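Peer 1: My file is protein35.txt. It has compact mmCIF, C-alpha atoms:
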# COMPACT_ATOMS: atom_id res chain seq x y z
CA MET F 665 36.01 34.29 -66.36
CA GLN F 666 34.48 30.84 -65.93
CA SER F 667 32.46 29.04 -68.57
CA ILE F 668 28.84 30.11 -68.85
CA ASP F 669 27.88 26.43 -68.49
CA LEU F 670 28.81 26.74 -64.82
CA PHE F 671 26.30 29.56 -64.43
CA SER F 672 23.34 27.65 -65.92
CA PRO F 673 22.41 25.84 -62.66
CA SER F 674 21.72 29.29 -61.14
CA LEU F 675 18.72 29.61 -63.45
CA SER F 676 16.75 27.27 -61.18
CA LYS F 677 16.40 29.89 -58.41
CA PRO F 678 14.80 33.33 -58.96
CA PHE F 679 17.15 36.33 -59.05
CA LYS F 680 17.08 40.01 -59.96
CA ALA F 681 18.78 40.57 -63.31
CA VAL F 682 19.85 43.50 -65.45
CA ILE F 683 20.59 42.89 -69.11
CA THR F 684 22.62 45.46 -70.99
CA MET F 685 24.38 45.90 -74.32
CA HIS F 686 26.67 48.32 -76.15
CA GLN F 687 25.72 51.95 -76.78
CA LYS F 688 23.56 52.70 -79.83
CA PRO F 689 22.39 49.08 -79.92
CA ASP F 690 21.85 47.44 -83.28
CA GLY F 691 19.62 44.50 -84.15
CA ASP F 692 21.92 41.94 -82.60
CA ALA F 693 22.41 43.86 -79.35
CA MET F 694 18.72 44.61 -78.83
CA GLY F 695 17.63 41.24 -80.17
CA SER F 696 19.90 39.25 -77.87
CA ALA F 697 18.99 41.40 -74.86
CA LEU F 698 15.25 41.09 -75.39
CA GLY F 699 15.48 37.42 -76.32
CA LEU F 700 17.26 36.73 -73.03
CA TYR F 701 14.81 39.03 -71.20
CA HIS F 702 11.81 36.99 -72.31
CA PHE F 703 13.60 33.75 -71.40
CA LEU F 704 14.45 34.92 -67.88
CA LYS F 705 10.91 36.24 -67.34
CA ALA F 706 9.51 32.90 -68.45
CA LEU F 707 11.64 31.22 -65.77
CA GLY F 708 10.28 33.55 -63.09
CA HIS F 709 13.27 35.88 -62.73
CA GLU F 710 12.95 39.64 -62.26
CA ALA F 711 14.67 41.12 -65.32
CA THR F 712 15.20 44.61 -66.74
CA VAL F 713 16.91 45.58 -69.99
CA ILE F 714 18.96 48.79 -69.84
CA SER F 715 20.37 50.36 -73.00
CA PRO F 716 23.32 52.73 -72.47
CA THR F 717 21.81 55.13 -75.02
CA ASN F 718 18.84 55.52 -77.33
CA TRP F 719 18.34 53.13 -80.25
CA ALA F 720 17.09 53.11 -83.83
CA SER F 721 13.35 53.49 -84.35
CA PHE F 722 13.27 50.43 -86.63
CA LEU F 723 13.73 48.33 -83.47
CA ASN F 724 10.65 49.74 -81.75
CA TRP F 725 8.39 46.91 -82.95
CA MET F 726 10.28 44.28 -80.96
CA PRO F 727 8.40 42.44 -78.17
CA GLY F 728 9.36 44.03 -74.85
CA VAL F 729 11.18 47.07 -76.27
CA ASP F 730 8.68 49.33 -74.49
CA LYS F 731 10.10 48.06 -71.19
CA VAL F 732 13.74 48.91 -72.07
CA VAL F 733 15.27 51.67 -69.91
CA ASP F 734 17.50 54.31 -71.56
CA PHE F 735 20.43 54.98 -69.23
CA GLU F 736 21.12 58.44 -70.65
CA GLN F 737 17.49 59.45 -70.17
CA GLN F 738 17.12 57.86 -66.70
CA PRO F 739 20.63 57.64 -65.18
CA HIS F 740 19.56 57.55 -61.53
CA ALA F 741 16.81 54.96 -61.97
CA SER F 742 19.14 52.88 -64.16
CA SER F 743 21.93 53.03 -61.59
CA ASP F 744 19.54 51.93 -58.87
CA LEU F 745 18.50 48.93 -60.97
CA VAL F 746 22.13 47.99 -61.60
CA ASN F 747 23.03 48.31 -57.92
CA ALA F 748 20.05 46.16 -56.90
CA ALA F 749 20.82 43.43 -59.43
CA GLU F 750 22.10 40.04 -58.36
CA VAL F 751 23.15 39.17 -61.90
CA ILE F 752 24.16 41.47 -64.77
CA PHE F 753 24.19 40.04 -68.28
CA CYS F 754 26.45 41.92 -70.70
CA LEU F 755 25.59 41.18 -74.31
CA ASP F 756 27.22 41.98 -77.66
CA PHE F 757 30.22 43.92 -76.37
CA ASN F 758 33.66 42.80 -75.27
CA VAL F 759 34.85 45.64 -73.02
CA LEU F 760 32.90 47.72 -70.50
CA HIS F 761 33.77 51.07 -72.05
CA ARG F 762 31.48 50.20 -74.96
CA THR F 763 28.59 50.96 -72.61
CA LYS F 764 29.62 54.63 -72.58
CA HIS F 765 28.43 56.34 -69.34
CA MET F 766 27.29 53.02 -67.87
CA GLU F 767 30.88 51.78 -67.60
CA GLN F 768 31.55 53.24 -64.15
CA VAL F 769 28.28 51.94 -62.71
CA LEU F 770 28.85 48.44 -64.13
CA THR F 771 32.44 48.37 -62.89
CA LYS F 772 31.41 49.22 -59.33
CA ALA F 773 28.43 46.84 -59.24
CA ASP F 774 29.04 44.10 -56.66
CA CYS F 775 27.23 41.14 -58.19
CA THR F 776 27.64 38.28 -60.64
CA LYS F 777 28.45 39.46 -64.16
CA VAL F 778 27.89 37.26 -67.20
CA LEU F 779 29.28 37.96 -70.66
CA ILE F 780 27.76 36.66 -73.90
CA ASP F 781 29.60 38.08 -76.91
CA HIS F 782 31.31 37.26 -80.22
CA HIS F 783 33.87 40.08 -80.52
CA GLN F 784 37.62 39.65 -80.26
CA GLN F 785 39.73 40.27 -77.15
CA PRO F 786 37.11 40.34 -74.36
CA GLN F 787 37.81 42.00 -71.02
CA LYS F 788 37.66 38.64 -69.23
CA GLU F 789 38.70 39.94 -65.83
CA ALA F 790 35.51 42.02 -65.64
CA PHE F 791 33.18 39.01 -65.72
CA ASN F 792 32.52 36.02 -63.46
CA TYR F 793 31.07 33.81 -66.18
CA GLY F 794 30.92 34.09 -69.90
CA ALA F 795 30.81 32.81 -73.43
CA SER F 796 33.10 34.55 -75.91
CA ASP F 797 33.22 32.98 -79.36
CA THR F 798 34.36 34.91 -82.44
CA SER F 799 33.27 32.07 -84.72
CA LYS F 800 29.62 32.72 -83.93
CA SER F 801 27.51 34.72 -86.37
CA SER F 802 25.89 36.86 -83.72
CA THR F 803 25.24 37.27 -80.03
CA CYS F 804 21.67 36.19 -80.76
CA GLU F 805 23.00 32.83 -81.91
CA MET F 806 24.95 32.59 -78.66
CA VAL F 807 21.91 33.41 -76.51
CA TYR F 808 20.01 30.74 -78.44
CA ASP F 809 22.83 28.27 -77.68
CA PHE F 810 22.71 29.27 -74.01
CA ILE F 811 18.96 28.65 -73.87
CA MET F 812 19.24 25.33 -75.70
CA ALA F 813 21.97 24.11 -73.31
CA SER F 814 20.28 25.43 -70.16
CA GLY F 815 17.84 22.58 -69.68
CA TYR F 816 14.92 24.92 -70.39
CA ALA F 817 14.85 24.82 -74.19
CA ASP F 818 11.14 24.05 -74.05
CA MET F 819 10.58 27.64 -72.83
CA LEU F 820 11.42 29.09 -76.26
CA ASN F 821 8.44 30.93 -77.72
CA VAL F 822 7.57 33.26 -80.60
CA ASP F 823 8.55 36.45 -78.73
CA MET F 824 12.02 35.04 -78.11
CA ALA F 825 12.17 33.78 -81.69
CA GLU F 826 11.40 37.20 -83.18
CA CYS F 827 14.04 38.89 -81.02
CA LEU F 828 16.75 36.30 -81.68
CA TYR F 829 16.03 36.09 -85.41
CA THR F 830 16.49 39.86 -85.65
CA GLY F 831 20.15 39.67 -84.62
CA LEU F 832 20.72 36.48 -86.57
CA MET F 833 19.49 38.15 -89.75
CA THR F 834 21.16 41.53 -89.32
CA ASP F 835 24.59 40.35 -88.16
CA THR F 836 24.86 37.83 -91.01
CA GLY F 837 23.89 40.40 -93.62
CA SER F 838 20.71 38.45 -94.32
CA PHE F 839 22.69 35.18 -94.21
CA ARG F 840 25.39 36.11 -96.74
CA PHE F 841 28.45 36.69 -94.52
CA PRO F 842 31.05 33.90 -93.99
CA ALA F 843 29.94 33.41 -90.36
CA THR F 844 26.65 32.01 -91.68
CA LYS F 845 27.37 28.38 -90.94
CA ALA F 846 25.00 25.42 -91.05
CA SER F 847 24.18 26.00 -87.37
CA VAL F 848 22.73 29.40 -88.28
CA HIS F 849 20.29 27.87 -90.74
CA ARG F 850 19.38 25.13 -88.29
CA MET F 851 18.60 27.78 -85.69
CA ALA F 852 16.47 29.72 -88.20
CA ALA F 853 14.59 26.54 -89.07
CA HIS F 854 13.90 25.87 -85.38
CA LEU F 855 12.61 29.40 -84.88
CA LYS F 856 10.35 28.95 -87.89
CA ASP F 857 9.01 25.76 -86.37
CA LEU F 858 8.08 27.78 -83.27
CA GLY F 859 5.90 30.04 -85.40
CA LEU F 860 8.31 32.81 -86.43
CA ASN F 861 7.10 35.03 -89.29
CA HIS F 862 10.47 35.94 -90.81
CA THR F 863 8.94 38.24 -93.46
CA LYS F 864 7.44 40.42 -90.73
CA VAL F 865 10.84 40.82 -89.03
CA HIS F 866 12.56 41.67 -92.32
CA ASP F 867 9.94 44.30 -93.19
CA TYR F 868 10.24 45.99 -89.80
CA ILE F 869 14.04 46.13 -89.99
CA TYR F 870 14.65 46.99 -93.65
CA ASP F 871 11.41 48.44 -95.03
CA SER F 872 10.24 50.93 -92.42
CA PHE F 873 12.36 54.03 -93.07
CA LEU F 874 11.21 57.53 -93.99
CA GLU F 875 11.72 59.18 -97.36
CA ASN F 876 14.47 61.44 -96.04
CA ARG F 877 16.75 58.45 -95.40
CA LEU F 878 16.57 57.30 -99.00
CA ARG F 879 17.35 60.81 -100.24
CA PHE F 880 20.23 60.98 -97.74
CA ILE F 881 21.68 57.72 -99.08
CA GLY F 882 21.48 59.09 -102.63
CA HIS F 883 23.24 62.28 -101.54
CA ALA F 884 25.96 60.31 -99.74
CA LEU F 885 26.64 58.00 -102.67
CA LEU F 886 26.73 60.86 -105.17
CA ASN F 887 28.60 63.50 -103.19
CA ARG F 888 30.41 61.86 -100.27
CA MET F 889 32.00 58.73 -101.75
CA GLU F 890 35.54 58.38 -103.00
CA VAL F 891 36.98 55.27 -104.66
CA LEU F 892 40.71 54.72 -104.18
CA TYR F 893 41.22 52.06 -106.82
CA GLU F 894 44.97 51.83 -106.25
CA TYR F 895 44.20 50.51 -102.77
CA ASN F 896 40.96 48.68 -103.65
CA THR F 897 39.31 50.92 -101.06
CA SER F 898 36.16 53.00 -101.00
CA LEU F 899 35.72 55.85 -98.53
CA MET F 900 32.65 57.83 -97.51
CA TYR F 901 32.48 60.81 -95.17
CA ILE F 902 29.30 62.31 -93.71
CA THR F 903 29.31 65.89 -92.43
CA LYS F 904 27.25 67.41 -89.62
CA ALA F 905 25.52 69.51 -92.26
CA ASP F 906 24.44 66.31 -94.05
CA LEU F 907 22.95 64.91 -90.84
CA GLN F 908 21.06 68.13 -90.19
CA LYS F 909 19.87 68.67 -93.77
CA PHE F 910 18.27 65.23 -94.00
CA ASP F 911 17.18 65.07 -90.34
CA ILE F 912 19.19 61.89 -89.74
CA LYS F 913 18.30 60.00 -86.56
CA THR F 914 19.91 57.10 -84.71
CA GLY F 915 19.93 54.08 -87.02
CA ASP F 916 19.52 55.99 -90.29
CA THR F 917 23.18 55.46 -91.24
CA GLU F 918 23.00 51.73 -90.40
CA GLY F 919 24.28 49.61 -93.29
CA LEU F 920 25.53 52.56 -95.35
CA VAL F 921 29.11 51.28 -95.25
CA ASN F 922 28.03 48.03 -96.91
CA TYR F 923 27.24 49.86 -100.15
CA LEU F 924 30.96 50.51 -100.55
CA LEU F 925 31.76 46.80 -100.83
CA THR F 926 29.32 46.34 -103.70
CA ILE F 927 31.82 48.01 -106.05
CA GLN F 928 33.70 45.45 -108.11
CA GLY F 929 37.20 44.82 -106.78
CA ILE F 930 36.79 46.79 -103.55
CA LYS F 931 38.20 44.97 -100.53
CA LEU F 932 37.91 47.71 -97.88
CA GLY F 933 35.00 50.04 -97.25
CA ALA F 934 35.27 52.84 -94.69
CA ILE F 935 32.78 55.47 -93.59
CA VAL F 936 33.30 58.27 -91.10
CA ILE F 937 30.45 60.29 -89.61
CA ASP F 938 30.94 63.68 -87.97
CA ARG F 939 29.16 63.33 -84.63
CA ASP F 940 29.02 66.07 -82.01
CA GLU F 941 31.48 64.49 -79.59
CA GLU F 942 33.77 62.63 -82.03
CA ARG F 943 34.15 61.20 -85.51
CA LYS F 944 32.79 57.65 -85.73
CA TRP F 945 34.37 55.19 -88.17
CA SER F 946 32.93 51.97 -89.57
CA PHE F 947 35.05 49.51 -91.54
CA ARG F 948 34.05 46.53 -93.67
CA SER F 949 36.29 44.22 -95.67
CA LYS F 950 36.29 41.21 -97.92
CA GLY F 951 38.72 38.33 -97.77
CA ASP F 952 41.75 38.36 -95.49
CA PHE F 953 42.03 42.07 -94.72
CA ASP F 954 41.55 42.32 -90.94
CA VAL F 955 39.67 45.52 -90.08
CA ASN F 956 39.58 44.56 -86.39
CA THR F 957 43.36 44.92 -86.23
CA PHE F 958 43.26 47.98 -88.49
CA ALA F 959 40.71 49.73 -86.25
CA ARG F 960 42.56 48.84 -83.06
CA GLU F 961 45.91 50.10 -84.33
CA HIS F 962 44.75 53.35 -85.87
CA PHE F 963 41.27 54.38 -84.67
CA GLU F 964 40.83 53.24 -81.05
CA GLY F 965 38.33 50.61 -82.10
CA GLY F 966 37.88 46.97 -82.97
CA GLY F 967 35.28 44.35 -83.67
CA HIS F 968 35.46 41.45 -86.10
CA LYS F 969 37.90 40.50 -88.84
CA ASN F 970 35.62 41.80 -91.60
CA ALA F 971 33.52 44.32 -89.65
CA ALA F 972 34.78 46.82 -87.10
CA GLY F 973 34.35 50.34 -85.80
CA GLY F 974 36.52 53.12 -84.48
CA ARG F 975 36.64 56.75 -83.43
CA SER F 976 38.73 59.88 -83.79
CA SER F 977 38.96 63.12 -81.83
CA ASP F 978 40.35 64.90 -84.92
CA ASN F 979 38.03 67.03 -87.00
CA LEU F 980 36.46 65.43 -90.08
CA GLU F 981 38.93 66.79 -92.61
CA THR F 982 41.94 65.75 -90.52
CA THR F 983 40.76 62.20 -89.80
CA VAL F 984 39.90 61.62 -93.49
CA LYS F 985 43.33 62.88 -94.51
CA ARG F 986 44.94 60.63 -91.89
CA PHE F 987 43.01 57.59 -93.17
CA LYS F 988 44.27 58.23 -96.70
CA GLU F 989 47.85 58.36 -95.44
CA ILE F 990 47.48 55.22 -93.33
CA ILE F 991 45.95 53.18 -96.13
CA LYS F 992 49.09 53.63 -98.21
CA ASN F 993 50.88 51.30 -95.80
CA TYR F 994 48.41 48.51 -96.66
CA HIS F 995 48.82 48.64 -100.43
CA ASN F 996 50.12 45.06 -100.71
CA GLN F 997 47.54 43.57 -98.34
CA LEU F 998 44.70 45.11 -100.32
CA GLN F 999 45.77 43.80 -103.72
In structure tokens, what does this structure look like?

Peer 2:
Amino acid sequence: MQSIDLFSPSLSKPFKAVITMHQKPDGDAMGSALGLYHFLKALGHEATVISPTNWASFLNWMPGVDKVVDFEQQPHASSDLVNAAEVIFCLDFNVLHRTKHMEQVLTKADCTKVLIDHHQQPQKEAFNYGASDTSKSSTCEMVYDFIMASGYADMLNVDMAECLYTGLMTDTGSFRFPATKASVHRMAAHLKDLGLNHTKVHDYIYDSFLENRLRFIGHALLNRMEVLYEYNTSLMYITKADLQKFDIKTGDTEGLVNYLLTIQGIKLGAIVIDRDEERKWSFRSKGDFDVNTFAREHFEGGGHKNAAGGRSSDNLETTVKRFKEIIKNYHNQLQ
């Protein structure tokens, strides 16, 4: 994988592009994809954003989201777009299997592939060009850097600003996580100078849920949370019955794991959700406990040092029991 700087000269000539991201895209995945989409369109390129799956409804306000193609809903049309592309931009994921059913189509695509991502251990051999930087707060920050270094920084506009700010805000936990460096605030200031209304973005992302989600969160905190004080760990498990009872949709469990770290002294928060095809884990930590390594070693996952995800084919009861056994081996690291 060559440096993305070597790709930038290609921006001067029109090309057909597909932009994609990981399955169940969050604010950073959708924000970076749409931010890049608007930039490429402004330069005269033919661009299409394809999401491997559906996405949370709180992202539906974003400029250009109505043009995003859902691969699961339109697999044939999506595959045709991928096969016709001259350039494929892969954003906010480090390995192709994070695109779920798109993986095979992306692997076979005979075109230039460009990675922009901030997760550990990227699949470098799958990409021609790329930027992979785990020190960056978000992929949106990296797309911003790409635009600023491209020679076309003057093309930045409010639509791009709203999209890029979305990922900047969500992936930094509203600017509280350690990855929130001075460069993040400088970027936010620049986007404000362009006319960004940051309050509008915040309201769309955090204040646009339905009543059932708030009642679901109350139920989860009261009935589905365990605190393992001897390991400075908090665990939450969500059953299929919970999801059905409260009519939980994609995105409604977003951020739930962060509640676990608000307990005094807790260094590891873990939540597992009983999905139809598998059990999905999310891990968050404070300090030096590396949940990326933890997820990779035990739950077929990965991510960042303090934020990672995983999966399990075991049933809910078995995977929860297994987690409790595994965590005993980390007693000293969690003190």

Peer 1: Enter the distance from CA of Leu707 in chain F to CA of Met819 in chain F, in Å, rounded to one decimal.

Peer 2: 8.0 Å

Peer 1: Could you make a table, as CSV, of the residues of range 913-986 of chain F that have an atom within 12 Å of an atom of range 836-844 of chain F, each with its nearest atom pair and distance in Å to one decimal, counting all atoms listed in the file, in chain and number order?

Peer 2:
residue,atom,partner,partner_atom,distance
F:Glu918,CA,F:Gly837,CA,11.8
F:Gly919,CA,F:Gly837,CA,9.2
F:Asn922,CA,F:Gly837,CA,9.3
F:Tyr923,CA,F:Gly837,CA,12.0
F:Arg948,CA,F:Phe841,CA,11.4
F:Ser949,CA,F:Phe841,CA,10.9
F:Lys950,CA,F:Phe841,CA,9.7
F:Gly951,CA,F:Pro842,CA,9.6
F:Asp952,CA,F:Pro842,CA,11.7
F:His968,CA,F:Ala843,CA,10.6
F:Lys969,CA,F:Ala843,CA,10.8
F:Asn970,CA,F:Phe841,CA,9.3
F:Ala971,CA,F:Phe841,CA,10.4

Peer 1: When distances are computed from only C-alpha atoms, which of F:Leu878, F:Met833, F:Ala720, F:Val746 shows the smallest separation from Thr863 in chain F?

Peer 2: F:Met833

Peer 1: Select from range 910-976 of chain F every residue with an atom at most 10 Å from any atom of range 751-762 of chain F, then for each give the shortest pair of atoms and their distance in Å to one decimal, using all atoms listed in the file, rows by chain and rising number, as CSV.

Peer 2:
residue,atom,partner,partner_atom,distance
F:Gly965,CA,F:Arg762,CA,9.9
F:Gly966,CA,F:Asn758,CA,9.7
F:Gly967,CA,F:Asn758,CA,8.7

Peer 1: Measure the distance from CA of His709 in chain F to CA of Thr803 in chain F in Å and round it to one decimal.

Peer 2: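 Separation between CA of His709 in chain F and CA of Thr803 in chain F: 21.1 Å.
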
Peer 1: Within 7 Å of (17.0, 37.2, -57.8) (coordinates as in the file), grab all the protein and nucleic acid residues, counting only C-alpha atoms, and write them out as a PyMOL selection string.

Peer 2: chain F and resi 678-681+709-710+750

Peer 1: Could you check how far CA of Gly815 in chain F sits from CA of Tyr701 in chain F, in Å to one decimal?

Peer 2: 16.8 Å

Peer 1: Got a sec: who's within 12 Å of Gln737 in chain F, counting only C-alpha atoms, leaving out chain neighbours fewer than 5 positions off, as a VMD selection string?

Peer 2: chain F and resid 714 to 719 732 742 to 743 765 to 766

Peer 1: Leaving out Asn792 in chain F and any residue of its chain fewer than 2 positions from it, which residues lie within 12 Å of it when counting only C-alpha atoms, given as a list in words?

Peer 2: Met665, Gln666, Ser667, Ile668, Asp669, Leu670, Phe671, Val751, Ile752, Phe753, Cys754, Asp774, Cys775, Thr776, Lys777, Val778, Leu779, Ile780, Gln787, Lys788, Glu789, Ala790, Gly794 and Ala795 of chain F

Peer 1: Using only C-alpha atoms, which of F:Asp835, F:Glu875, F:Asp818, F:Glu961 sits nearest His854 in chain F?

Peer 2: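 Of F:Asp835, F:Glu875, F:Asp818, F:Glu961, the one nearest His854 in chain F is F:Asp818, counting only C-alpha atoms.
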
Peer 1: Can you tell me, as a PyMOL selection string, what residues are no more than 8 Å from Ser802 in chain F when counting all atoms listed in the file, ignoring any on the same chain fewer than 5 positions away?

Peer 2: chain F and resi 692+781-782+831-832+835-836
